[in-house]
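A.B. asks: Here it is, the structure in full.
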Amino acid sequence: ELYNALYRSDLVVDDVTLVGGRATIRFSGTVRLGGTCDTPRFREQLLETALQFSTVTEVEIWINGTPLEEVLDTRG
C-alpha cells in the first residue's frame with residue numbers, strides 16, 4: 001500500500017539550488033501531519049524525491065525559513 005505523508009500539507013517550492021551535489025530546497029506553506037508516524041515518512045518522502053537525481057548527493061530542506069528537522073521536532 002502506498003501512503004503519501006505530504007498530502008495534508010500545503011507547501012509551495014520557493015527556490016531550489018544545486019551546488020557541488022548539495023541541493024537546497026526552500027518551501028513555504030503549512031505542514032500538517034497525520035500523527036507521529038508521519039514525521040519520518042514526511043522527511044523521507046521529501047529527501048528521497050530530491051535524491052532520485054544523480055547530481056544530488058546531499059539535501060538541505062527549509063520550510064518558511066526553518067530547517068526541516070526543526071519544523072518536524074516541534075510537531076512531535
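Starting from 1 in every chain, residues are counted up; chains themselves are A, B, ... following the order of the C-alpha cells, and ligands are numbered from 1 as listed.
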Extract the full set of strand (DSSP E or B) residues from chain A according to DSSP on the backbone, and format it as an MDAnalysis selection string.

C.D. replies: chainID A and resid 10:19 22:30 58:63 66:67

A.B. asks: Pick out the residues sitting within 8 Å of Asn4 (chain A), and hand them over as a ChimeraX atom specification; count only C-alpha atoms, and ignore anything fewer than 2 positions along from it in its own chain.

C.D. replies: /A:2,6-7,41-42,45

A.B. asks: Could you check which of A:Gln52, A:Thr36, A:Thr57, A:Asn64 is closest to Val19 (chain A), using only C-alpha atoms?

C.D. replies: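 Of the candidates, the smallest distance to Val19 (chain A) is held by A:Thr57.
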
A.B. asks: What does the distance from CA of Arg43 (chain A) to CA of Gly20 (chain A) come to in Å, to one decimal?

C.D. replies: 22.1 Å

A.B. asks: Please provide the set of residues having any atom within 12 Å of Ser54 (chain A), restricted to only C-alpha atoms, with same-chain residues fewer than 6 positions apart removed, written as a PyMOL selection string.

C.D. replies: chain A and resi 18+20-23+48

A.B. asks: Keeping C-alpha atoms, export the residues of the selection given above as an mmCIF file, in the first residue's frame.

C.D. replies:
data_model
loop_
_atom_site.group_PDB
_atom_site.id
_atom_site.type_symbol
_atom_site.label_atom_id
_atom_site.label_comp_id
_atom_site.auth_asym_id
_atom_site.auth_seq_id
_atom_site.Cartn_x
_atom_site.Cartn_y
_atom_site.Cartn_z
ATOM 1 C CA LEU A 18 22.332 22.822 -6.501
ATOM 2 C CA GLY A 20 28.530 20.668 -5.561
ATOM 3 C CA GLY A 21 25.926 17.932 -5.252
ATOM 4 C CA ARG A 22 24.097 19.653 -2.379
ATOM 5 C CA ALA A 23 20.502 20.556 -3.155
ATOM 6 C CA GLU A 48 14.253 10.801 -1.418
#

A.B. asks: Mind checking which residues fall within 8 Å of Val13 (chain A), counting only C-alpha atoms, ignoring those fewer than 6 positions away in the same chain, and posting them as JSON, numbers by chain?

C.D. replies: {"A": [25, 26, 27, 28]}

A.B. asks: Any chance you could export the current selection's C-alpha atoms as a PDB file, in the first residue's frame?

C.D. replies:
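As a result, out-v6.pdb now contains:
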ATOM      1  CA  ILE A  25      15.189  23.355  -1.326  1.00  0.00           C
ATOM      2  CA  ARG A  26      13.097  26.117   0.205  1.00  0.00           C
ATOM      3  CA  PHE A  27       9.373  25.679   0.750  1.00  0.00           C
ATOM      4  CA  SER A  28       6.705  27.936   2.166  1.00  0.00           C
TER       5      SER A  28
END

A.B. asks: With only C-alpha atoms as the atoms that count, which of A:Val16, A:Leu33, A:Val71, A:Ala5 lies nearest to Val59 (chain A)?

C.D. replies: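 Of A:Val16, A:Leu33, A:Val71, A:Ala5, the one nearest Val59 (chain A), counting only C-alpha atoms, is A:Val16.
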